[in-house]
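Structure file input.txt (compact mmCIF, C-alpha atoms) is printed below.
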# COMPACT_ATOMS: atom_id res chain seq x y z
CA MET J 1 73.72 101.03 125.88
CA GLU J 2 74.95 99.59 129.15
CA LYS J 3 77.89 102.01 129.22
CA THR J 4 75.52 104.94 128.68
CA ALA J 5 73.29 103.81 131.55
CA THR J 6 76.31 103.35 133.82
CA LYS J 7 77.58 106.83 132.91
CA ALA J 8 74.15 108.34 133.62
CA ARG J 9 74.04 106.68 137.03
CA SER J 10 77.57 107.92 137.75
CA VAL J 11 76.62 111.50 136.85
CA ALA J 12 73.44 111.30 138.94
CA SER J 13 75.41 110.04 141.95
CA THR J 14 77.63 113.14 141.84
CA HIS J 15 74.67 115.38 142.65
CA VAL J 16 72.67 115.73 145.83
CA ASN J 17 69.80 118.14 146.38
CA LEU J 18 70.18 120.89 148.94
CA SER J 19 68.61 120.07 152.29
CA MET J 20 65.52 122.22 152.74
CA LYS J 21 65.79 121.67 156.47
CA GLN J 22 69.23 123.26 156.48
CA TYR J 23 67.84 126.48 155.03
CA GLY J 24 64.32 126.16 156.40
CA MET J 25 64.85 128.73 159.15
CA ILE J 26 66.09 131.33 156.65
CA LEU J 27 62.91 130.80 154.65
CA ALA J 28 60.93 131.01 157.91
CA LEU J 29 62.66 134.32 158.73
CA ILE J 30 61.66 135.70 155.33
CA ALA J 31 58.10 134.42 155.74
CA VAL J 32 57.68 135.97 159.19
CA TYR J 33 59.05 139.29 157.96
CA VAL J 34 56.70 139.33 154.95
CA ILE J 35 53.68 138.41 157.11
CA PHE J 36 54.34 141.33 159.45
CA ALA J 37 54.87 143.61 156.45
CA PHE J 38 51.20 143.01 155.65
CA LEU J 39 50.04 143.16 159.27
CA THR J 40 51.83 146.47 159.91
CA ASP J 41 51.09 148.06 156.50
CA GLY J 42 54.80 148.02 155.69
CA LYS J 43 55.98 149.71 158.88
CA ASN J 44 58.55 146.97 159.50
CA LEU J 45 60.05 147.62 156.04
CA THR J 46 61.13 151.18 156.79
CA SER J 47 64.81 152.09 157.11
CA ILE J 48 64.43 153.28 160.69
CA ASN J 49 62.76 150.04 161.71
CA VAL J 50 65.47 147.89 160.12
CA ASN J 51 67.98 149.93 162.12
CA ASN J 52 65.88 149.41 165.26
CA LEU J 53 65.94 145.65 164.71
CA ILE J 54 69.71 145.74 165.21
CA MET J 55 69.64 148.14 168.13
CA GLN J 56 66.85 146.32 169.95
CA ASN J 57 68.13 142.77 169.43
CA GLY J 58 71.89 143.08 169.66
CA TYR J 59 71.90 141.61 173.16
CA VAL J 60 69.83 138.61 171.99
CA ILE J 61 72.40 137.70 169.34
CA ILE J 62 75.30 138.11 171.77
CA LEU J 63 73.64 135.91 174.40
CA ALA J 64 72.45 133.36 171.82
CA VAL J 65 76.04 132.87 170.63
CA GLY J 66 77.20 132.06 174.16
CA MET J 67 74.09 130.05 174.97
CA LEU J 68 74.67 127.83 171.94
CA LEU J 69 77.87 126.50 173.49
CA CYS J 70 75.99 125.64 176.68
CA VAL J 71 73.21 123.99 174.66
CA LEU J 72 75.71 121.91 172.70
CA THR J 73 76.92 120.37 175.96
CA GLY J 74 73.32 119.42 176.71
CA ASN J 75 72.61 122.23 179.17
CA VAL J 76 71.46 125.86 179.41
CA ASP J 77 72.32 128.91 181.51
CA LEU J 78 69.29 130.33 183.32
CA GLY J 79 71.20 133.16 184.98
CA VAL J 80 72.22 135.24 181.97
CA GLY J 81 69.51 137.90 182.38
CA SER J 82 70.45 138.62 185.97
CA VAL J 83 74.17 138.61 185.16
CA VAL J 84 73.59 141.08 182.32
CA ALA J 85 71.77 143.36 184.78
CA SER J 86 74.58 143.11 187.35
CA CYS J 87 77.26 143.86 184.75
CA GLY J 88 75.37 146.93 183.55
CA ALA J 89 74.81 148.01 187.16
CA VAL J 90 78.55 147.86 187.88
CA ALA J 91 79.41 149.94 184.81
CA GLY J 92 76.66 152.50 185.46
CA THR J 93 77.51 152.91 189.14
CA LEU J 94 81.24 153.34 188.47
CA ILE J 95 80.55 156.09 185.94
CA VAL J 96 77.74 157.95 187.72
CA ASP J 97 78.79 157.62 191.36
CA TYR J 98 82.56 157.35 191.12
CA GLY J 99 83.38 159.23 187.94
CA ALA J 100 85.14 156.30 186.31
CA SER J 101 86.11 156.53 182.65
CA THR J 102 84.26 154.56 179.99
CA PRO J 103 87.11 152.04 179.38
CA VAL J 104 87.38 151.31 183.13
CA ALA J 105 83.62 150.83 183.43
CA MET J 106 83.52 148.52 180.43
CA LEU J 107 86.43 146.43 181.69
CA ALA J 108 84.74 146.17 185.08
CA SER J 109 81.55 144.95 183.40
CA LEU J 110 83.46 142.28 181.49
CA ALA J 111 85.32 141.24 184.65
CA VAL J 112 82.10 140.88 186.65
CA GLY J 113 80.56 138.78 183.88
CA ALA J 114 83.64 136.56 183.68
CA LEU J 115 83.60 136.10 187.47
CA PHE J 116 79.96 135.02 187.36
CA GLY J 117 80.81 132.59 184.57
CA ALA J 118 83.83 131.20 186.41
CA PHE J 119 81.69 130.78 189.53
CA VAL J 120 79.21 128.66 187.58
CA GLY J 121 82.05 126.82 185.84
CA VAL J 122 83.65 125.74 189.11
CA PHE J 123 80.45 124.27 190.51
CA VAL J 124 79.56 122.55 187.22
CA SER J 125 82.99 121.23 186.29
CA LYS J 126 84.70 120.55 189.63
CA LEU J 127 81.76 119.68 191.87
CA ALA J 128 79.54 118.14 189.17
CA ILE J 129 76.50 120.14 190.31
CA PRO J 130 73.83 120.14 187.55
CA PRO J 131 74.06 123.37 185.52
CA PHE J 132 70.30 123.86 185.86
CA ILE J 133 70.66 124.19 189.64
CA VAL J 134 73.79 126.35 189.58
CA THR J 135 72.47 128.77 186.98
CA LEU J 136 69.10 128.96 188.72
CA ALA J 137 71.05 130.07 191.80
CA THR J 138 72.95 132.70 189.80
CA MET J 139 69.64 133.94 188.41
CA LEU J 140 68.50 134.74 191.94
CA MET J 141 71.88 135.90 193.23
CA GLY J 142 72.59 138.07 190.20
CA ARG J 143 69.29 139.89 190.47
CA GLY J 144 69.85 140.49 194.16
CA ILE J 145 73.38 141.79 193.54
CA CYS J 146 72.02 144.13 190.87
CA TYR J 147 69.51 145.61 193.31
CA VAL J 148 72.16 145.97 196.02
CA ILE J 149 74.58 147.76 193.69
CA LEU J 150 71.95 150.12 192.30
CA GLN J 151 70.06 150.41 195.61
CA ALA J 152 66.89 149.90 193.57
CA GLN J 153 67.62 153.12 191.64
CA THR J 154 68.38 153.90 188.02
CA LYS J 155 71.91 155.14 187.38
CA GLY J 156 72.22 157.58 184.51
CA PRO J 157 72.49 159.29 182.17
CA LEU J 158 75.63 157.61 180.87
CA PRO J 159 78.11 159.64 178.76
CA ALA J 160 78.09 159.74 174.97
CA ASP J 161 81.38 157.86 174.59
CA TYR J 162 79.81 154.95 176.52
CA THR J 163 76.46 154.92 174.69
CA TRP J 164 78.26 155.19 171.32
CA ILE J 165 78.71 151.41 171.18
CA SER J 166 74.93 150.94 170.94
CA THR J 167 73.81 154.17 169.32
CA GLY J 168 76.77 155.23 167.15
CA PHE J 169 77.24 154.81 163.39
CA LEU J 170 80.17 154.48 161.03
CA PRO J 171 81.08 157.62 159.04
CA THR J 172 78.74 158.07 156.07
CA VAL J 173 79.15 159.21 152.48
CA LYS J 174 75.74 160.33 151.25
CA VAL J 175 74.86 160.26 147.55
CA GLY J 176 71.27 160.91 146.60
CA GLY J 177 70.13 160.34 150.16
CA LEU J 178 71.83 156.94 150.41
CA ASP J 179 74.95 156.09 152.41
CA MET J 180 77.48 154.65 149.97
CA VAL J 181 79.48 153.02 152.78
CA SER J 182 76.51 150.78 153.55
CA ILE J 183 75.98 149.95 149.88
CA VAL J 184 79.66 149.10 149.36
CA ILE J 185 79.70 146.84 152.43
CA GLY J 186 76.61 145.05 151.13
CA ILE J 187 78.24 144.53 147.73
CA VAL J 188 81.49 143.28 149.28
CA ILE J 189 79.59 140.75 151.42
CA SER J 190 77.63 139.60 148.36
CA VAL J 191 80.84 139.07 146.37
CA LEU J 192 82.35 137.12 149.28
CA ILE J 193 79.27 134.88 149.38
CA VAL J 194 79.74 134.03 145.69
CA LEU J 195 83.50 133.46 146.05
CA LEU J 196 83.05 131.20 149.07
CA GLU J 197 80.38 129.23 147.22
CA LEU J 198 82.69 128.76 144.22
CA ARG J 199 85.53 127.71 146.50
CA SER J 200 83.33 125.22 148.34
CA PHE J 201 81.96 123.82 145.06
CA ALA J 202 85.45 123.40 143.60
CA ALA J 203 86.74 121.69 146.77
CA THR J 204 83.78 119.31 146.81
CA LYS J 205 84.31 118.38 143.15
CA ARG J 206 88.04 117.96 143.69
CA HIS J 207 87.48 115.40 146.42
CA GLY J 208 84.94 113.50 144.34
CA LEU J 209 82.06 114.24 146.70
CA PRO J 210 78.47 114.77 145.50
CA THR J 211 77.55 118.40 144.85
CA ALA J 212 74.23 120.17 144.71
CA PRO J 213 72.92 121.06 141.24
CA VAL J 214 74.26 124.41 140.07
CA TRP J 215 70.76 125.87 139.66
CA GLN J 216 69.98 125.13 143.31
CA LEU J 217 73.19 126.83 144.44
CA ILE J 218 72.37 129.87 142.30
CA ILE J 219 68.89 130.17 143.81
CA LYS J 220 70.25 129.75 147.35
CA ASP J 221 72.94 132.40 146.89
CA ALA J 222 70.49 134.75 145.14
CA VAL J 223 68.12 134.57 148.12
CA ILE J 224 70.92 135.18 150.65
CA ILE J 225 72.40 138.03 148.60
CA GLY J 226 68.92 139.51 148.21
CA ILE J 227 68.52 139.56 152.00
CA VAL J 228 71.95 141.12 152.46
CA MET J 229 71.41 143.88 149.89
CA PHE J 230 67.90 144.66 151.16
CA PHE J 231 69.29 144.96 154.68
CA PHE J 232 72.16 147.28 153.77
CA TYR J 233 70.03 149.30 151.35
CA LYS J 234 67.64 150.03 154.20
CA LEU J 235 70.54 150.99 156.48
CA ALA J 236 71.85 153.25 153.72
CA GLY J 237 68.53 155.09 153.76
CA PHE J 238 68.80 155.91 157.46
CA SER J 239 72.07 156.73 159.22
CA GLY J 240 74.37 154.10 157.80
CA VAL J 241 76.00 151.11 159.46
CA PRO J 242 75.57 150.95 163.26
CA VAL J 243 78.68 150.40 165.36
CA LEU J 244 76.75 147.65 167.14
CA LEU J 245 76.44 145.73 163.86
CA ILE J 246 80.23 145.69 163.51
CA LEU J 247 80.55 144.39 167.08
CA LEU J 248 77.99 141.65 166.37
CA ALA J 249 79.77 140.66 163.16
CA VAL J 250 83.10 140.34 165.01
CA ILE J 251 81.56 138.23 167.79
CA VAL J 252 79.69 135.94 165.38
CA GLY J 253 82.79 135.57 163.20
CA ILE J 254 85.04 134.64 166.12
CA TYR J 255 82.67 132.05 167.55
CA HIS J 256 81.84 130.61 164.13
CA PHE J 257 85.58 130.06 163.65
CA ILE J 258 85.95 128.52 167.12
CA THR J 259 83.09 126.05 166.64
CA THR J 260 84.05 125.01 163.10
CA GLN J 261 87.83 125.25 162.90
CA THR J 262 89.31 124.58 166.35
CA VAL J 263 89.89 121.63 168.65
CA ALA J 264 87.91 123.37 171.39
CA GLY J 265 84.89 123.55 169.08
CA ARG J 266 85.12 119.88 168.13
CA GLN J 267 85.34 118.94 171.80
CA ILE J 268 82.05 120.75 172.53
CA TYR J 269 80.31 118.88 169.72
CA ALA J 270 81.78 115.60 170.96
CA MET J 271 80.38 116.24 174.43
CA GLY J 272 76.99 117.04 172.98
CA GLY J 273 76.96 113.73 171.15
CA ASN J 274 77.99 111.62 174.15
CA ALA J 275 79.71 113.19 177.17
CA LYS J 276 80.79 109.84 178.62
CA ALA J 277 82.29 108.68 175.34
CA ALA J 278 84.03 112.05 174.95
CA ARG J 279 85.57 111.69 178.40
CA LEU J 280 86.73 108.12 177.66
CA SER J 281 88.28 109.31 174.40
CA GLY J 282 90.56 111.66 176.33
CA ILE J 283 88.66 114.96 176.26
CA ASN J 284 88.98 116.92 179.49
CA THR J 285 85.25 117.45 180.00
CA GLU J 286 85.81 119.42 183.21
CA LYS J 287 87.91 121.95 181.33
CA VAL J 288 85.33 122.21 178.54
CA PHE J 289 82.46 122.77 180.99
CA PHE J 290 84.47 125.44 182.81
CA TRP J 291 85.42 127.50 179.76
CA VAL J 292 81.95 127.22 178.20
CA TYR J 293 80.29 128.77 181.27
CA ALA J 294 83.11 131.26 181.89
CA ASN J 295 82.69 132.34 178.27
CA MET J 296 78.93 132.70 178.78
CA GLY J 297 79.62 135.04 181.69
CA LEU J 298 82.03 137.11 179.61
CA LEU J 299 79.44 137.54 176.86
CA CYS J 300 76.93 138.57 179.55
CA GLY J 301 79.37 141.35 180.37
CA VAL J 302 79.37 142.43 176.72
CA ALA J 303 75.55 142.29 176.61
CA GLY J 304 75.41 144.30 179.84
CA ILE J 305 77.47 147.05 178.21
CA VAL J 306 75.36 146.99 175.05
CA LEU J 307 72.06 147.14 176.96
CA SER J 308 73.05 149.89 179.40
CA ALA J 309 74.56 151.87 176.50
CA ARG J 310 71.31 151.63 174.54
CA ASN J 311 69.26 152.72 177.57
CA ALA J 312 71.90 155.33 178.52
CA SER J 313 71.42 154.07 182.09
CA ALA J 314 71.63 151.03 184.35
CA THR J 315 68.30 149.86 185.76
CA PRO J 316 67.35 147.18 188.32
CA LYS J 317 64.86 145.58 185.92
CA ALA J 318 67.36 145.22 183.08
CA GLY J 319 67.80 141.76 181.60
CA ASP J 320 64.38 140.48 182.60
CA GLN J 321 63.71 137.16 180.80
CA PHE J 322 66.76 137.56 178.57
CA GLU J 323 67.63 133.93 179.24
CA MET J 324 64.36 132.87 177.63
CA ASP J 325 65.11 134.84 174.47
CA ALA J 326 68.62 133.39 174.24
CA ILE J 327 67.51 129.79 174.78
CA ALA J 328 64.59 130.16 172.38
CA SER J 329 66.92 131.60 169.73
CA CYS J 330 69.09 128.49 169.87
CA TYR J 331 66.17 126.10 169.56
CA ILE J 332 64.22 128.06 166.96
CA GLY J 333 67.34 128.38 164.84
CA GLY J 334 67.75 124.62 164.87
CA ALA J 335 70.82 125.06 167.05
CA ALA J 336 69.73 122.53 169.65
CA THR J 337 69.17 119.07 168.29
CA SER J 338 70.04 115.58 169.43
CA GLY J 339 73.62 114.59 168.93
CA GLY J 340 74.97 118.05 169.60
CA VAL J 341 74.17 119.38 166.12
CA GLY J 342 74.02 123.14 165.95
CA THR J 343 75.74 126.18 164.47
CA ILE J 344 76.49 129.73 165.46
CA LEU J 345 74.79 130.98 162.29
CA GLY J 346 71.72 128.90 163.17
CA ALA J 347 71.55 130.57 166.58
CA VAL J 348 71.87 133.99 164.93
CA VAL J 349 69.01 133.21 162.54
CA GLY J 350 66.95 132.09 165.53
CA ALA J 351 67.73 135.35 167.32
CA LEU J 352 66.68 137.31 164.23
CA ILE J 353 63.40 135.42 164.06
CA MET J 354 62.78 136.27 167.72
CA GLY J 355 63.66 139.90 166.99
CA VAL J 356 61.36 140.11 163.96
CA LEU J 357 58.55 138.52 165.99
CA ASN J 358 58.99 140.97 168.89
CA ASN J 359 59.31 143.95 166.58
CA GLY J 360 56.47 142.96 164.27
CA MET J 361 54.01 142.19 167.05
CA SER J 362 54.79 145.49 168.76
CA LEU J 363 54.24 147.43 165.52
CA ALA J 364 51.02 145.50 164.88
CA GLY J 365 49.76 146.40 168.34
CA PHE J 366 49.66 142.91 169.80
CA ASP J 367 49.01 142.76 173.54
CA THR J 368 52.16 141.80 175.51
CA ASN J 369 50.46 138.69 176.85
CA VAL J 370 49.51 137.62 173.31
CA GLN J 371 53.14 138.17 172.27
CA LYS J 372 54.29 135.68 174.91
CA ILE J 373 51.75 133.13 173.67
CA VAL J 374 52.95 133.52 170.07
CA LYS J 375 56.63 133.23 170.98
CA GLY J 376 55.95 130.16 173.09
CA ALA J 377 53.97 128.56 170.27
CA VAL J 378 56.73 129.30 167.74
CA LEU J 379 59.37 127.78 170.03
CA LEU J 380 57.31 124.66 170.67
CA GLY J 381 56.45 124.31 166.99
CA ALA J 382 60.08 124.61 165.85
CA VAL J 383 61.31 121.98 168.28
CA THR J 384 58.38 119.64 167.56
CA ILE J 385 58.96 119.78 163.81
CA ASP J 386 62.67 119.15 164.35
CA LEU J 387 62.10 116.08 166.54
CA LEU J 388 59.38 114.62 164.33
CA SER J 389 61.58 114.90 161.26
CA LYS J 390 64.36 113.04 163.09
CA ARG J 391 62.00 110.25 164.15
CA LYS J 392 60.75 109.93 160.59
CA LYS J 393 64.31 109.56 159.32
CA GLY J 394 65.07 107.07 162.07

Would you write out, as structure tokens, the structure that this file holds?
Amino acid sequence: MEKTATKARSVASTHVNLSMKQYGMILALIAVYVIFAFLTDGKNLTSINVNNLIMQNGYVIILAVGMLLCVLTGNVDLGVGSVVASCGAVAGTLIVDYGASTPVAMLASLAVGALFGAFVGVFVSKLAIPPFIVTLATMLMGRGICYVILQAQTKGPLPADYTWISTGFLPTVKVGGLDMVSIVIGIVISVLIVLLELRSFAATKRHGLPTAPVWQLIIKDAVIIGIVMFFFYKLAGFSGVPVLLILLAVIVGIYHFITTQTVAGRQIYAMGGNAKAARLSGINTEKVFFWVYANMGLLCGVAGIVLSARNASATPKAGDQFEMDAIASCYIGGAATSGGVGTILGAVVGALIMGVLNNGMSLAGFDTNVQKIVKGAVLLGAVTIDLLSKRKKG
């Protein structure tokens, strides 16, 4: 009898329920999408609208990825919107006024972004000026530089080989009105999700660590695969897989690897937990601060290309309040929490929630001022729930 009870306790100890908080934002994303499906009479479910979600929010995801690294060090970058505008202005002016080729214009945009980032990095890392002050300065300077470059004019139209990065699609193979390339990619991703889950489960069991019940893992993977297949099915019904989606996947994949598998990533998390302790443990905090902000500038250059390519022009007002969307994406996605806890995928989910909110409210005919109120309330609510849950655990 005693042996049976001991065995039962041993078996119970090898299982741990999945954390609802860990997947709460994915459920929130689904909930928000479903709510707007009712409010818009299904307009947000159409294939063209799913495609628009990518096209309209690509820059948010790119900036959120870079902003996460800043947030993990306990800071933000307020200048990203203005830097994005300046980078786009440089590319547009080179093409329209000086006849530069698309590769030259894109490289110039990336270089300008990196220079902005390095400028911030020097003041933050070498001179120990608070990032809030430095990036507030770049917000003002960047916007002024944008206006000077463009002379308060719109530069365009930009050539097709430049706009292709934001408006182009992979080659399609249509069968019955559906693009089979999109369907195959969705299936491949779904299979990879299952294989990675099996690998993770086997590794956890091998090391004698507690695992989640199999039924919970099945439900979790079924939900994620359902989202993936719905997404690619809708793309298959329009024009296939956007080139921008491939770019986003590459960027997210690279930075997910950096933050989870490299020394540089672990150093950022260490600084977020306790910068002083990280410095005393031998981490070169100056170097980390510099590359984090230089990297943010580089991604601003990428976002500047994406935005100007989508608009087919460079405009003085480009990038307005982009920093707010990027910061909100990190916090809403649970990417900014005490102790430096946060993930690239969390920031991406946050960016998608912001995108679905913006898209859904526009389709539903919400006034722009009401949209700001809703987004502010969602941001405040997400952070409040996160902090209250931590206090309760503490």

Requested in this report: May I ask which of the residues J:Val194, J:Ile61, J:Cys87, J:Met25 is the closest one to Ile344 of chain J, counting all atoms listed in the file?
Outcome: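 Nearest to Ile344 of chain J: J:Ile61.
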
Requested in this report: Figure out the distance between atom CA of Thr260 of chain J and atom CA of Val191 of chain J, please, to one decimal in Å.
Outcome: 22.1 Å

Query raised in the report: atom CA of Gly58 of chain J to atom CA of Gly355 of chain J: how many Å, to one decimal?
Result: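 Those two atoms sit 9.2 Å apart.
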
Report task. Using atom CA of Gly117 of chain J and atom CA of Ile129 of chain J as the two end points, give the distance in Å to one decimal. Result -> 14.4 Å

Show which residues sit within 9 Å of Asn359 of chain J, as a PDB file with C-alpha atoms, in the coordinates of the input. Count all atoms listed in the file, and ignore same-chain residues fewer than 4 positions away.
ATOM      1  CA  ASN J  44      58.550 146.970 159.500  1.00  0.00           C
ATOM      2  CA  ASN J  49      62.760 150.040 161.710  1.00  0.00           C
ATOM      3  CA  ASN J  52      65.880 149.410 165.260  1.00  0.00           C
ATOM      4  CA  LEU J  53      65.940 145.650 164.710  1.00  0.00           C
ATOM      5  CA  GLN J  56      66.850 146.320 169.950  1.00  0.00           C
ATOM      6  CA  MET J 354      62.780 136.270 167.720  1.00  0.00           C
ATOM      7  CA  GLY J 355      63.660 139.900 166.990  1.00  0.00           C
ATOM      8  CA  LEU J 363      54.240 147.430 165.520  1.00  0.00           C
ATOM      9  CA  ALA J 364      51.020 145.500 164.880  1.00  0.00           C
TER      10      ALA J 364
END

Query raised in the report: With all atoms listed in the file as the basis for distance, which of J:Trp164, J:Ala303, J:Ala105, J:Ala28 is at the shortest distance from Glu323 of chain J?
Result: J:Ala303

Query - Residue neighbourhood Ile258 of chain J, 12 Å, only C-alpha atoms, exclusion window fewer than 2 positions, as number ranges by chain - result: J: 65-66, 69, 251-256, 260-269, 292, 343-344

Saved selection, atoms kept: C-alpha atoms, as a PDB file, in the coordinates of the input:
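This went into out.pdb:
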ATOM      1  CA  VAL J  65      76.040 132.870 170.630  1.00  0.00           C
ATOM      2  CA  GLY J  66      77.200 132.060 174.160  1.00  0.00           C
ATOM      3  CA  LEU J  69      77.870 126.500 173.490  1.00  0.00           C
ATOM      4  CA  ILE J 251      81.560 138.230 167.790  1.00  0.00           C
ATOM      5  CA  VAL J 252      79.690 135.940 165.380  1.00  0.00           C
ATOM      6  CA  GLY J 253      82.790 135.570 163.200  1.00  0.00           C
ATOM      7  CA  ILE J 254      85.040 134.640 166.120  1.00  0.00           C
ATOM      8  CA  TYR J 255      82.670 132.050 167.550  1.00  0.00           C
ATOM      9  CA  HIS J 256      81.840 130.610 164.130  1.00  0.00           C
ATOM     10  CA  THR J 260      84.050 125.010 163.100  1.00  0.00           C
ATOM     11  CA  GLN J 261      87.830 125.250 162.900  1.00  0.00           C
ATOM     12  CA  THR J 262      89.310 124.580 166.350  1.00  0.00           C
ATOM     13  CA  VAL J 263      89.890 121.630 168.650  1.00  0.00           C
ATOM     14  CA  ALA J 264      87.910 123.370 171.390  1.00  0.00           C
ATOM     15  CA  GLY J 265      84.890 123.550 169.080  1.00  0.00           C
ATOM     16  CA  ARG J 266      85.120 119.880 168.130  1.00  0.00           C
ATOM     17  CA  GLN J 267      85.340 118.940 171.800  1.00  0.00           C
ATOM     18  CA  ILE J 268      82.050 120.750 172.530  1.00  0.00           C
ATOM     19  CA  TYR J 269      80.310 118.880 169.720  1.00  0.00           C
ATOM     20  CA  VAL J 292      81.950 127.220 178.200  1.00  0.00           C
ATOM     21  CA  THR J 343      75.740 126.180 164.470  1.00  0.00           C
ATOM     22  CA  ILE J 344      76.490 129.730 165.460  1.00  0.00           C
TER      23      ILE J 344
END

Query - Selected residue, from J:Ile305, J:Val60, J:Val181, J:Ile283, that lies nearest to Val356 of chain J when counting all atoms listed in the file - result: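 Once distances to Val356 of chain J are computed over all atoms listed in the file, the minimum belongs to J:Val60.
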
Query - Spatial neighbours of Met55 of chain J, max dist 10 Å, only C-alpha atoms, sep filter under 3 positions, as JSON, numbers by chain - result: {"J": [49, 50, 51, 52, 58, 59, 166, 167, 242, 243, 244, 245, 306, 307, 310]}

Query raised in the report: Of the residues J:Leu127, J:Val32, J:Ala278, J:Ala314, which is the one nearest to Val96 of chain J, using all atoms listed in the file?
Result: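 Result for the nearest residue to Val96 of chain J: J:Ala314.
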
Report task. Dump as a list in words all residues having an atom at most 12 Å from (77.7, 147.9, 150.3), computed in the file's coordinates with all atoms listed in the file. Result ->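 Final list of nearby residues, as requested, is Thr172, Val173, Leu178, Asp179, Met180, Val181, Ser182, Ile183, Val184, Ile185, Gly186, Ile187, Val188, Ile189, Ser190, Val191, Leu192, Ile225, Val228, Met229, Phe230, Phe231, Phe232, Tyr233, Lys234, Leu235, Ala236, Gly240 and Val241 of chain J.
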
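The nearest approach to Pro157 of chain J among the residues J:Ala31, J:Val90, J:Ala309, J:Val378, with all atoms listed in the file taken into account, belongs to J:Ala309.
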
Counting all atoms listed in the file, which residues in segment 52-88 of chain J sit no more than 12 Å from segment 135-148 of chain J? For each one, give the nearest pair of atoms and the distance in Å, sorted by chain then residue number, as a tab-separated table.
residue	atom	partner	partner_atom	distance
J:Cys70	CA	J:Thr135	CA	11.3
J:Asn75	CA	J:Thr135	CA	10.2
J:Val76	CA	J:Thr135	CA	8.2
J:Asp77	CA	J:Thr135	CA	5.5
J:Leu78	CA	J:Thr135	CA	5.1
J:Gly79	CA	J:Met139	CA	3.8
J:Val80	CA	J:Met139	CA	7.1
J:Gly81	CA	J:Met139	CA	7.2
J:Ser82	CA	J:Gly142	CA	4.8
J:Val83	CA	J:Gly142	CA	5.3
J:Val84	CA	J:Gly142	CA	8.5
J:Ala85	CA	J:Cys146	CA	6.1
J:Ser86	CA	J:Cys146	CA	4.5
J:Cys87	CA	J:Cys146	CA	8.1
J:Gly88	CA	J:Cys146	CA	8.5

Can you write out the residues you just picked, keeping C-alpha atoms, as a PDB file, in the frame of the given file?
ATOM      1  CA  CYS J  70      75.990 125.640 176.680  1.00  0.00           C
ATOM      2  CA  ASN J  75      72.610 122.230 179.170  1.00  0.00           C
ATOM      3  CA  VAL J  76      71.460 125.860 179.410  1.00  0.00           C
ATOM      4  CA  ASP J  77      72.320 128.910 181.510  1.00  0.00           C
ATOM      5  CA  LEU J  78      69.290 130.330 183.320  1.00  0.00           C
ATOM      6  CA  GLY J  79      71.200 133.160 184.980  1.00  0.00           C
ATOM      7  CA  VAL J  80      72.220 135.240 181.970  1.00  0.00           C
ATOM      8  CA  GLY J  81      69.510 137.900 182.380  1.00  0.00           C
ATOM      9  CA  SER J  82      70.450 138.620 185.970  1.00  0.00           C
ATOM     10  CA  VAL J  83      74.170 138.610 185.160  1.00  0.00           C
ATOM     11  CA  VAL J  84      73.590 141.080 182.320  1.00  0.00           C
ATOM     12  CA  ALA J  85      71.770 143.360 184.780  1.00  0.00           C
ATOM     13  CA  SER J  86      74.580 143.110 187.350  1.00  0.00           C
ATOM     14  CA  CYS J  87      77.260 143.860 184.750  1.00  0.00           C
ATOM     15  CA  GLY J  88      75.370 146.930 183.550  1.00  0.00           C
TER      16      GLY J  88
END

Query - Closest of J:Ala222, J:Leu209, J:Leu298, J:Ile353 to Ser109 of chain J - atom-to-atom distances counting only C-alpha atoms - result: J:Leu298
